[in-house]
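To be precise, the following lines are target-v5.txt, and they hold compact mmCIF, C-alpha atoms.
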# COMPACT_ATOMS: atom_id res chain seq x y z
CA MET A 181 -14.46 0.81 5.47
CA ASN A 182 -15.96 4.31 5.17
CA GLY A 183 -17.32 6.61 7.85
CA ALA A 184 -20.99 5.69 7.49
CA LEU A 185 -22.38 3.58 10.33
CA PRO A 186 -24.10 0.47 8.88
CA ARG A 187 -27.75 0.10 9.89
CA ARG A 188 -26.91 -3.46 10.94
CA VAL A 189 -24.79 -2.18 13.87
CA THR A 190 -27.73 -0.27 15.34
CA MET A 191 -29.97 -3.32 14.88
CA VAL A 192 -27.41 -5.45 16.76
CA PHE A 193 -27.28 -2.84 19.54
CA ALA A 194 -31.08 -2.95 19.90
CA GLY A 195 -30.95 -6.76 19.92
CA LEU A 196 -28.31 -6.75 22.65
CA ILE A 197 -30.44 -4.50 24.87
CA ILE A 198 -33.52 -6.70 24.39
CA ALA A 199 -31.48 -9.90 24.96
CA THR A 200 -30.05 -8.45 28.21
CA CYS A 201 -33.56 -7.81 29.51
CA ILE A 202 -34.66 -11.34 28.54
CA THR A 203 -31.69 -13.02 30.27
CA TRP A 204 -32.25 -10.92 33.39
CA TRP A 205 -35.92 -11.93 33.47
CA LEU A 206 -35.01 -15.60 32.92
CA GLY A 207 -32.35 -15.48 35.65
CA SER A 208 -34.59 -13.80 38.19
CA GLU A 209 -37.49 -16.22 37.63
CA SER A 210 -37.07 -18.01 40.97
CA LYS A 211 -40.37 -19.96 40.75
CA LEU A 212 -38.92 -22.37 38.19
CA THR A 213 -38.05 -25.89 39.34
CA GLY A 214 -36.78 -29.17 37.86
CA PRO A 215 -36.41 -29.41 34.06
CA ALA A 216 -37.75 -25.86 33.59
CA LEU A 217 -34.88 -24.55 35.71
CA GLY A 218 -32.35 -26.42 33.55
CA MET A 219 -34.01 -25.07 30.41
CA ALA A 220 -33.88 -21.52 31.79
CA ALA A 221 -30.18 -21.91 32.63
CA THR A 222 -29.41 -23.30 29.15
CA LEU A 223 -31.38 -20.51 27.50
CA THR A 224 -29.63 -17.88 29.64
CA ILE A 225 -26.21 -19.21 28.57
CA LEU A 226 -27.21 -19.52 24.91
CA ILE A 227 -28.55 -15.96 24.79
CA ALA A 228 -25.48 -14.61 26.61
CA PHE A 229 -23.02 -16.26 24.21
CA THR A 230 -25.11 -15.25 21.19
CA LYS A 231 -24.69 -11.69 22.47
CA VAL A 232 -20.94 -12.28 22.78
CA TYR A 233 -20.87 -13.59 19.17
CA PHE A 234 -22.62 -10.49 17.82
CA ILE A 235 -20.40 -8.13 19.84
CA GLY A 236 -17.41 -9.80 18.18
CA ARG A 237 -18.90 -9.97 14.71
CA ASP A 238 -20.41 -6.50 14.40
CA PHE A 239 -18.83 -4.31 17.11
CA MET A 240 -15.26 -5.69 16.85
CA GLU A 241 -15.78 -5.89 13.07
CA LEU A 242 -14.65 -9.51 12.92
CA ARG A 243 -17.14 -10.15 10.11
CA CYS A 244 -14.58 -8.45 7.82
CA ALA A 245 -11.51 -10.01 9.53
CA PRO A 246 -9.26 -12.75 8.06
CA SER A 247 -10.87 -16.16 8.36
CA GLY A 248 -8.30 -17.43 10.89
CA LEU A 249 -8.99 -14.64 13.35
CA ARG A 250 -12.73 -14.99 12.86
CA ALA A 251 -12.50 -18.74 13.41
CA ALA A 252 -10.40 -18.34 16.59
CA PHE A 253 -13.06 -16.03 18.05
CA ASN A 254 -15.96 -18.26 17.00
CA VAL A 255 -14.26 -21.34 18.48
CA TRP A 256 -13.80 -19.48 21.78
CA VAL A 257 -17.50 -18.53 21.87
CA GLY A 258 -18.69 -22.02 20.94
CA ALA A 259 -16.32 -23.89 23.26
CA VAL A 260 -17.06 -21.75 26.34
CA ALA A 261 -20.82 -21.90 25.71
CA VAL A 262 -20.82 -25.70 25.30
CA ALA A 263 -18.60 -26.18 28.38
CA ALA A 264 -20.82 -23.88 30.46
CA ILE A 265 -24.03 -25.65 29.43
CA ALA A 266 -22.44 -29.06 30.09
CA LEU A 267 -21.27 -28.03 33.56
CA VAL A 268 -24.57 -26.44 34.52
CA VAL A 269 -27.09 -28.87 33.07
CA ILE A 270 -25.47 -32.32 32.98
CA MET B 124 -5.83 -12.56 -6.36
CA THR B 125 -6.25 -16.26 -5.58
CA HIS B 126 -8.41 -17.60 -2.80
CA ALA B 127 -5.39 -18.60 -0.73
CA GLN B 128 -3.74 -15.21 -1.09
CA ALA B 129 -7.00 -13.61 0.03
CA ARG B 130 -6.82 -15.48 3.35
CA ILE B 131 -3.27 -14.39 4.21
CA ASP B 132 -2.90 -11.21 6.22
CA PRO B 133 0.78 -10.29 6.59
CA ASP B 134 -0.08 -8.32 9.76
CA LEU B 135 -1.29 -11.48 11.53
CA PRO B 136 0.82 -14.30 12.95
CA GLU B 137 0.78 -17.38 10.71
CA PHE B 138 -1.52 -19.46 12.94
CA LEU B 139 -4.28 -16.86 12.56
CA TRP B 140 -4.20 -16.96 8.77
CA GLY B 141 -6.96 -18.77 6.98
CA SER B 142 -7.30 -22.52 7.16
CA ASP B 143 -5.84 -23.02 3.67
CA SER B 144 -2.07 -23.22 3.59
CA VAL B 145 0.01 -21.78 0.78
CA GLU B 146 0.88 -25.31 -0.36
CA ASP B 147 -2.70 -26.29 -1.17
CA ALA B 148 -3.52 -22.97 -2.78
CA PRO B 149 -3.93 -24.23 -6.35
CA ARG B 150 -6.32 -26.99 -5.26
CA SER B 151 -8.37 -24.61 -3.12
CA ALA B 152 -8.46 -21.97 -5.82
CA SER B 153 -9.74 -24.44 -8.35
CA LEU B 154 -12.41 -25.84 -6.06
CA ARG B 155 -13.82 -22.67 -4.55
CA PRO B 156 -14.89 -19.31 -5.96
CA THR B 157 -12.28 -16.55 -5.88
CA LYS B 158 -12.61 -14.16 -2.95
CA THR B 159 -11.46 -10.64 -3.69
CA ARG B 160 -11.61 -9.14 -0.17
CA PRO B 161 -8.36 -9.71 1.74
CA GLY B 162 -9.90 -9.38 5.19
CA HIS B 163 -9.22 -6.49 7.54
CA THR B 164 -7.65 -7.03 10.95
CA PRO B 165 -9.06 -4.40 13.36
CA GLY B 166 -6.13 -2.73 15.16
CA GLU B 167 -2.65 -4.21 15.56
CA ALA B 168 -2.40 -7.93 14.86
CA GLY B 169 -0.39 -8.47 18.07
CA LEU B 170 -3.24 -7.01 20.11
CA TRP B 171 -5.41 -9.94 19.02
CA ILE B 172 -3.00 -12.38 20.65
CA PHE B 173 -3.51 -10.45 23.88
CA ILE B 174 -7.30 -10.18 23.44
CA LEU B 175 -7.77 -13.90 22.68
CA GLY B 176 -5.36 -14.82 25.50
CA ASP B 177 -7.19 -12.59 27.96
CA MET B 178 -10.54 -14.01 26.89
CA THR B 179 -9.16 -17.52 27.40
CA LEU B 180 -7.93 -16.63 30.90
CA PHE B 181 -11.43 -15.42 31.84
CA ALA B 182 -12.97 -18.49 30.19
CA ALA B 183 -10.74 -20.76 32.29
CA LEU B 184 -11.76 -18.93 35.48
CA LEU B 185 -15.45 -19.18 34.57
CA ILE B 186 -15.16 -22.89 33.75
CA VAL B 187 -13.41 -23.58 37.10
CA PHE B 188 -16.13 -21.50 38.81
CA LEU B 189 -18.87 -23.64 37.23
CA TRP B 190 -16.91 -26.80 38.08
CA GLU B 191 -16.73 -25.76 41.75
CA ARG B 192 -20.44 -24.91 41.66
CA ARG B 193 -21.24 -28.54 40.84
CA SER B 194 -19.89 -29.68 44.21
CA ASP B 195 -22.28 -27.40 46.15
CA PRO B 196 -24.96 -25.81 43.93
CA VAL B 197 -27.18 -24.94 46.90
CA ALA B 198 -24.47 -22.86 48.62
CA PHE B 199 -23.64 -21.18 45.30
CA ALA B 200 -27.32 -20.37 44.70
CA GLU B 201 -27.68 -18.93 48.22
CA SER B 202 -24.53 -16.84 47.80
CA SER B 203 -25.58 -15.70 44.32
CA HIS B 204 -28.91 -14.52 45.73
CA GLN B 205 -26.94 -12.17 48.01
CA LEU B 206 -25.67 -10.29 44.93
CA ILE B 207 -27.58 -7.21 43.82
CA GLN B 208 -28.84 -8.49 40.45
CA PRO B 209 -30.32 -5.15 39.29
CA ILE B 210 -26.85 -3.58 39.58
CA GLY B 211 -25.35 -6.41 37.52
CA ALA B 212 -28.06 -5.97 34.88
CA ALA B 213 -27.69 -2.17 34.86
CA ASN B 214 -23.94 -2.55 34.42
CA THR B 215 -24.52 -4.93 31.48
CA LEU B 216 -26.76 -2.33 29.80
CA VAL B 217 -24.24 0.45 30.57
CA LEU B 218 -21.39 -1.51 28.93
CA VAL B 219 -23.52 -2.42 25.88
CA VAL B 220 -24.36 1.27 25.43
CA SER B 221 -20.67 2.20 25.83
CA SER B 222 -19.69 -0.41 23.21
CA TYR B 223 -22.22 1.04 20.77
CA LEU B 224 -20.86 4.54 21.38
CA VAL B 225 -17.33 3.24 20.68
CA VAL B 226 -18.45 1.64 17.37
CA ARG B 227 -20.03 4.95 16.36
CA ALA B 228 -16.87 6.80 17.41
CA VAL B 229 -14.73 4.54 15.17
CA PHE B 230 -16.99 5.28 12.20
CA ALA B 231 -17.04 9.02 12.98
CA HIS B 232 -13.22 9.04 13.22
CA ARG B 233 -13.02 7.17 9.89
CA GLY B 234 -15.23 9.81 8.31
CA GLY B 235 -13.10 12.65 9.73
CA ARG B 236 -15.90 13.87 12.02
CA TYR B 237 -13.59 14.63 14.94
CA PRO B 238 -15.92 16.62 17.27
CA GLN B 239 -18.61 13.94 16.95
CA ALA B 240 -16.09 11.13 17.54
CA ARG B 241 -14.72 12.98 20.59
CA ARG B 242 -18.22 13.36 22.06
CA LEU B 243 -18.97 9.67 21.46
CA VAL B 244 -15.73 8.58 23.15
CA GLY B 245 -16.60 10.96 26.00
CA GLY B 246 -19.97 9.20 26.30
CA ALA B 247 -18.22 5.83 26.52
CA VAL B 248 -15.92 7.19 29.26
CA SER B 249 -19.00 8.40 31.16
CA CYS B 250 -20.49 4.89 30.87
CA ALA B 251 -17.23 3.46 32.25
CA ALA B 252 -17.47 5.86 35.21
CA ILE B 253 -21.08 4.80 35.85
CA PHE B 254 -20.02 1.13 35.68
CA ALA B 255 -17.18 1.69 38.17
CA GLY B 256 -19.46 3.71 40.48
CA LEU B 257 -22.13 1.00 40.51
CA LYS B 258 -19.46 -1.66 41.05
CA ALA B 259 -17.99 0.31 43.97
CA PHE B 260 -21.46 0.57 45.53
CA GLU B 261 -21.98 -3.16 45.01
CA TYR B 262 -18.64 -3.99 46.66
CA TYR B 263 -19.48 -1.66 49.56
CA SER B 264 -22.87 -3.35 50.04
CA GLU B 265 -21.42 -6.87 49.86
CA ILE B 266 -18.55 -6.17 52.24
CA SER B 267 -20.90 -4.33 54.64
CA ALA B 268 -23.09 -7.45 54.66
CA GLY B 269 -20.07 -9.54 55.63
CA HIS B 270 -19.41 -11.01 52.18
CA THR B 271 -15.67 -10.85 51.59
CA PRO B 272 -13.29 -12.85 49.33
CA SER B 273 -12.78 -15.24 52.25
CA SER B 274 -16.52 -15.84 52.80
CA GLY B 275 -16.55 -19.02 50.72
CA THR B 276 -15.74 -20.33 47.25
CA PHE B 277 -18.50 -18.38 45.53
CA PHE B 278 -17.41 -15.02 46.91
CA THR B 279 -13.72 -15.79 46.24
CA PHE B 280 -14.58 -16.30 42.55
CA TYR B 281 -16.97 -13.34 42.57
CA PHE B 282 -14.33 -10.90 43.81
CA VAL B 283 -11.54 -12.35 41.61
CA LEU B 284 -13.64 -12.32 38.42
CA THR B 285 -15.28 -8.93 38.95
CA GLY B 286 -12.08 -7.42 40.35
CA LEU B 287 -10.04 -8.52 37.32
CA HIS B 288 -12.78 -7.23 35.07
CA LEU B 289 -12.87 -3.87 36.89
CA LEU B 290 -9.11 -3.62 36.32
CA HIS B 291 -9.78 -4.07 32.59
CA VAL B 292 -12.43 -1.33 32.75
CA ILE B 293 -9.88 1.05 34.33
CA VAL B 294 -7.24 0.23 31.68
CA GLY B 295 -9.88 0.57 28.94
CA THR B 296 -10.95 3.97 30.30
CA ALA B 297 -7.34 5.21 30.19
CA LEU B 298 -7.10 4.01 26.57
CA LEU B 299 -10.38 5.75 25.67
CA LEU B 300 -9.05 9.00 27.18
CA ALA B 301 -5.85 8.63 25.12
CA TRP B 302 -7.99 8.18 21.99
CA GLN B 303 -9.99 11.28 22.94
CA THR B 304 -6.74 13.26 23.10
CA MET B 305 -5.87 12.03 19.59
CA LEU B 306 -9.28 13.21 18.41
CA THR B 307 -8.81 16.61 20.04
CA ARG B 308 -5.56 16.96 18.06
CA GLN B 309 -7.50 15.83 14.96
CA ARG B 310 -5.01 13.12 14.05
CA PRO B 311 -6.19 11.78 10.70
CA TRP B 312 -7.57 8.26 10.39
CA THR B 313 -4.65 7.11 8.22
CA GLU B 314 -2.24 7.83 11.12
CA SER B 315 -4.40 6.57 13.97
CA GLN B 316 -6.37 3.69 12.45
CA LYS B 317 -4.50 0.86 14.23
CA VAL B 318 -4.61 2.60 17.62
CA ALA B 319 -8.27 3.63 17.39
CA GLU B 320 -9.46 0.23 16.18
CA GLY B 321 -7.29 -1.49 18.79
CA ILE B 322 -8.75 0.58 21.62
CA GLY B 323 -12.23 -0.09 20.28
CA SER B 324 -11.61 -3.85 20.12
CA TYR B 325 -10.20 -3.85 23.66
CA TRP B 326 -13.29 -2.03 24.94
CA HIS B 327 -15.61 -4.49 23.20
CA MET B 328 -13.67 -7.34 24.87
CA VAL B 329 -14.36 -5.66 28.25
CA ASP B 330 -18.05 -5.60 27.29
CA LEU B 331 -18.30 -9.22 26.13
CA LEU B 332 -16.43 -10.53 29.19
CA TRP B 333 -18.96 -8.79 31.44
CA VAL B 334 -21.85 -10.31 29.44
CA ALA B 335 -20.40 -13.78 30.24
CA ILE B 336 -19.69 -12.94 33.91
CA PHE B 337 -23.20 -11.52 34.45
CA ALA B 338 -24.87 -14.55 32.87
CA LEU B 339 -22.85 -17.18 34.72
CA VAL B 340 -22.14 -15.59 38.12
CA TYR B 341 -25.26 -13.47 38.70
CA LEU B 342 -27.95 -15.41 36.84
CA VAL B 343 -27.14 -19.08 36.23
CA SER B 344 -25.58 -19.59 39.68
CA ALA B 345 -28.73 -18.26 41.33
CA GLU B 346 -30.94 -20.80 39.53
I need this file expressed as structure tokens, please.
Amino acid sequence: MNGALPRRVTMVFAGLIIATCITWWLGSESKLTGPALGMAATLTILIAFTKVYFIGRDFMELRCAPSGLRAAFNVWVGAVAVAAIALVVI
Amino acid sequence: MTHAQARIDPDLPEFLWGSDSVEDAPRSASLRPTKTRPGHTPGEAGLWIFILGDMTLFAALLIVFLWERRSDPVAFAESSHQLIQPIGAANTLVLVVSSYLVVRAVFAHRGGRYPQARRLVGGAVSCAAIFAGLKAFEYYSEISAGHTPSSGTFFTFYFVLTGLHLLHVIVGTALLLAWQTMLTRQRPWTESQKVAEGIGSYWHMVDLLWVAIFALVYLVSAE
């Protein structure tokens, strides 16, 4: 834990910006119908919760946290994402 | 240091320790390679109970929101289309930028670069102000168009979720300003580590909750 910002953090930041633009485009694509709509919704949720995972791992520094804390966060991300996809798609 | 000892952080409550208990330490140590890093809890351990609890409260609200949506997806889609999506997207970008500035501020504080850390925290506070300003404009537009918390299930959830989140943004901004004061006084990292990391973690929680709200309320509901 020194004062030098890891390059990985900046890469994650760039990824989060790109992912936000992709989810916005997916969500505003109103021409989609049927299965494509369900796919877009699933993809939107997956991308959003992948973003959440990386915010926790690299911004909150949970990648260096005790395994119990890391697991609690990961379970939250996974459970909410799965529940959201199930409620939206099924 | 054995594997089991490496997973125990005395700062954390017992249920957040690693999955291996002290009793099965010898077995685990013999089966798996020794891990020398003890694991670092960012901020106060107690804060993580609050953060995970808060995240769970928002998750419960979002799950109930999606459950209600199933009973009338058309009405939810129509209501969601009334939201100003570009403002929601802009606010997502603003919070991601603010989170990045906070990460950089933590590292600058760690390295003893106080003026830089203070400027970075100031940038995050500015992002918070932009977020609140955009949110106020959005509320004004929605209410002017006749969309109030009593305008239906969708708008009840919309105002509750975004209102609670805005409250978190306000609290987070106050915490960021307190951190900035610490930086102005050049309090060394050894004395302010727990507070600075705790404030940073809280702010990142504010960011990740908005990412989930934007995806589910603004985007998925409109599909």
For this session: In Å, rounded to a single decimal, give me how far CA of Ala183 in chain B is from CA of Gln205 in chain B.
Result: 24.2 Å
For this session: Quick one: everything within 7 Å of Ala228 in chain B, counting only C-alpha atoms, minus sequence neighbours fewer than 2 positions away in the same chain. Send it as an NGL selection string.
Result: :B and (224-226 or 230-232 or 240 or 243-244)
Taking only C-alpha atoms into account, find every residue of chain B that has an atom no more than 8 Å from chain A, and write it out as a compact mmCIF listing (two decimals) with C-alpha atoms, in the coordinates of the input.
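Dumped to result-v8.txt:
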# COMPACT_ATOMS: atom_id res chain seq x y z
CA ARG B 130 -6.82 -15.48 3.35
CA ILE B 131 -3.27 -14.39 4.21
CA ASP B 132 -2.90 -11.21 6.22
CA PHE B 138 -1.52 -19.46 12.94
CA LEU B 139 -4.28 -16.86 12.56
CA TRP B 140 -4.20 -16.96 8.77
CA GLY B 141 -6.96 -18.77 6.98
CA SER B 142 -7.30 -22.52 7.16
CA PRO B 161 -8.36 -9.71 1.74
CA GLY B 162 -9.90 -9.38 5.19
CA HIS B 163 -9.22 -6.49 7.54
CA THR B 164 -7.65 -7.03 10.95
CA PRO B 165 -9.06 -4.40 13.36
CA LEU B 175 -7.77 -13.90 22.68
CA THR B 179 -9.16 -17.52 27.40
CA ALA B 182 -12.97 -18.49 30.19
CA ILE B 186 -15.16 -22.89 33.75
CA LEU B 189 -18.87 -23.64 37.23
CA TRP B 190 -16.91 -26.80 38.08
CA ARG B 193 -21.24 -28.54 40.84
CA ALA B 212 -28.06 -5.97 34.88
CA THR B 215 -24.52 -4.93 31.48
CA LEU B 216 -26.76 -2.33 29.80
CA VAL B 219 -23.52 -2.42 25.88
CA VAL B 220 -24.36 1.27 25.43
CA SER B 222 -19.69 -0.41 23.21
CA TYR B 223 -22.22 1.04 20.77
CA VAL B 226 -18.45 1.64 17.37
CA ARG B 227 -20.03 4.95 16.36
CA PHE B 230 -16.99 5.28 12.20
CA ALA B 231 -17.04 9.02 12.98
CA HIS B 232 -13.22 9.04 13.22
CA ARG B 233 -13.02 7.17 9.89
CA GLY B 234 -15.23 9.81 8.31
CA GLY B 235 -13.10 12.65 9.73
CA GLY B 323 -12.23 -0.09 20.28
CA SER B 324 -11.61 -3.85 20.12
CA HIS B 327 -15.61 -4.49 23.20
CA LEU B 331 -18.30 -9.22 26.13
CA VAL B 334 -21.85 -10.31 29.44
CA ALA B 335 -20.40 -13.78 30.24
CA ALA B 338 -24.87 -14.55 32.87
CA LEU B 339 -22.85 -17.18 34.72
CA TYR B 341 -25.26 -13.47 38.70
CA LEU B 342 -27.95 -15.41 36.84
CA VAL B 343 -27.14 -19.08 36.23
CA ALA B 345 -28.73 -18.26 41.33
CA GLU B 346 -30.94 -20.80 39.53
Around all of range 244-261 of chain A's listed atoms, make the axis-aligned box with 5 Å on each side and tell me centre and edge lengths in Å to one decimal, as JSON.
{"center_x": -14.6, "center_y": -16.2, "center_z": 17.1, "size_x": 22.5, "size_y": 25.4, "size_z": 28.5}
For this session: Please return, as a list in words, all polymer residues that have at least one atom within 12 Å of the point (-13.3, -18.6, 45.6); use all atoms listed in the file and the file's own coordinate frame.
Result: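 Those residues lying close to the given coordinates are Leu184, Leu185, Val187, Phe188, Leu189, Trp190, Glu191, Arg192, Phe199, Ser202, His270, Thr271, Pro272, Ser273, Ser274, Gly275, Thr276, Phe277, Phe278, Thr279, Phe280, Tyr281, Phe282, Val283, Leu284, Thr285 and Val340 of chain B.
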For this session: Figure out the distance between CA of Ala255 in chain B and CA of Leu180 in chain B, please, to one decimal in Å.
Result: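 Between these atoms lies a distance of 21.8 Å.
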For this session: Kindly give the distance, in Å, that separates CA of Leu218 in chain B and CA of Thr313 in chain B, rounded to a single decimal.
Result: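 These two atoms are separated by 28.0 Å.
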Exercise. Pick from B:Ala297, B:Asn214, B:Trp302, B:Gln208: nearest to Lys317 in chain B, with all atoms listed in the file counted?
Worked result: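 The answer is B:Trp302, which sits nearest to Lys317 in chain B.
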For this session: Mind listing whatever residues come within 12 Å of the point (-3.9, 8.7, 16.6)? Use only C-alpha atoms, file coordinates, and give them as a VMD selection string.
Result: chain B and resid 166 229 232 to 233 237 298 to 322
Exercise. Which one of B:Glu261, B:Glu201, B:Glu167, B:Asp195 sits closest to Tyr325 in chain B if you count all atoms listed in the file?
Worked result: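 Of B:Glu261, B:Glu201, B:Glu167, B:Asp195, the one nearest Tyr325 in chain B, counting all atoms listed in the file, is B:Glu167.
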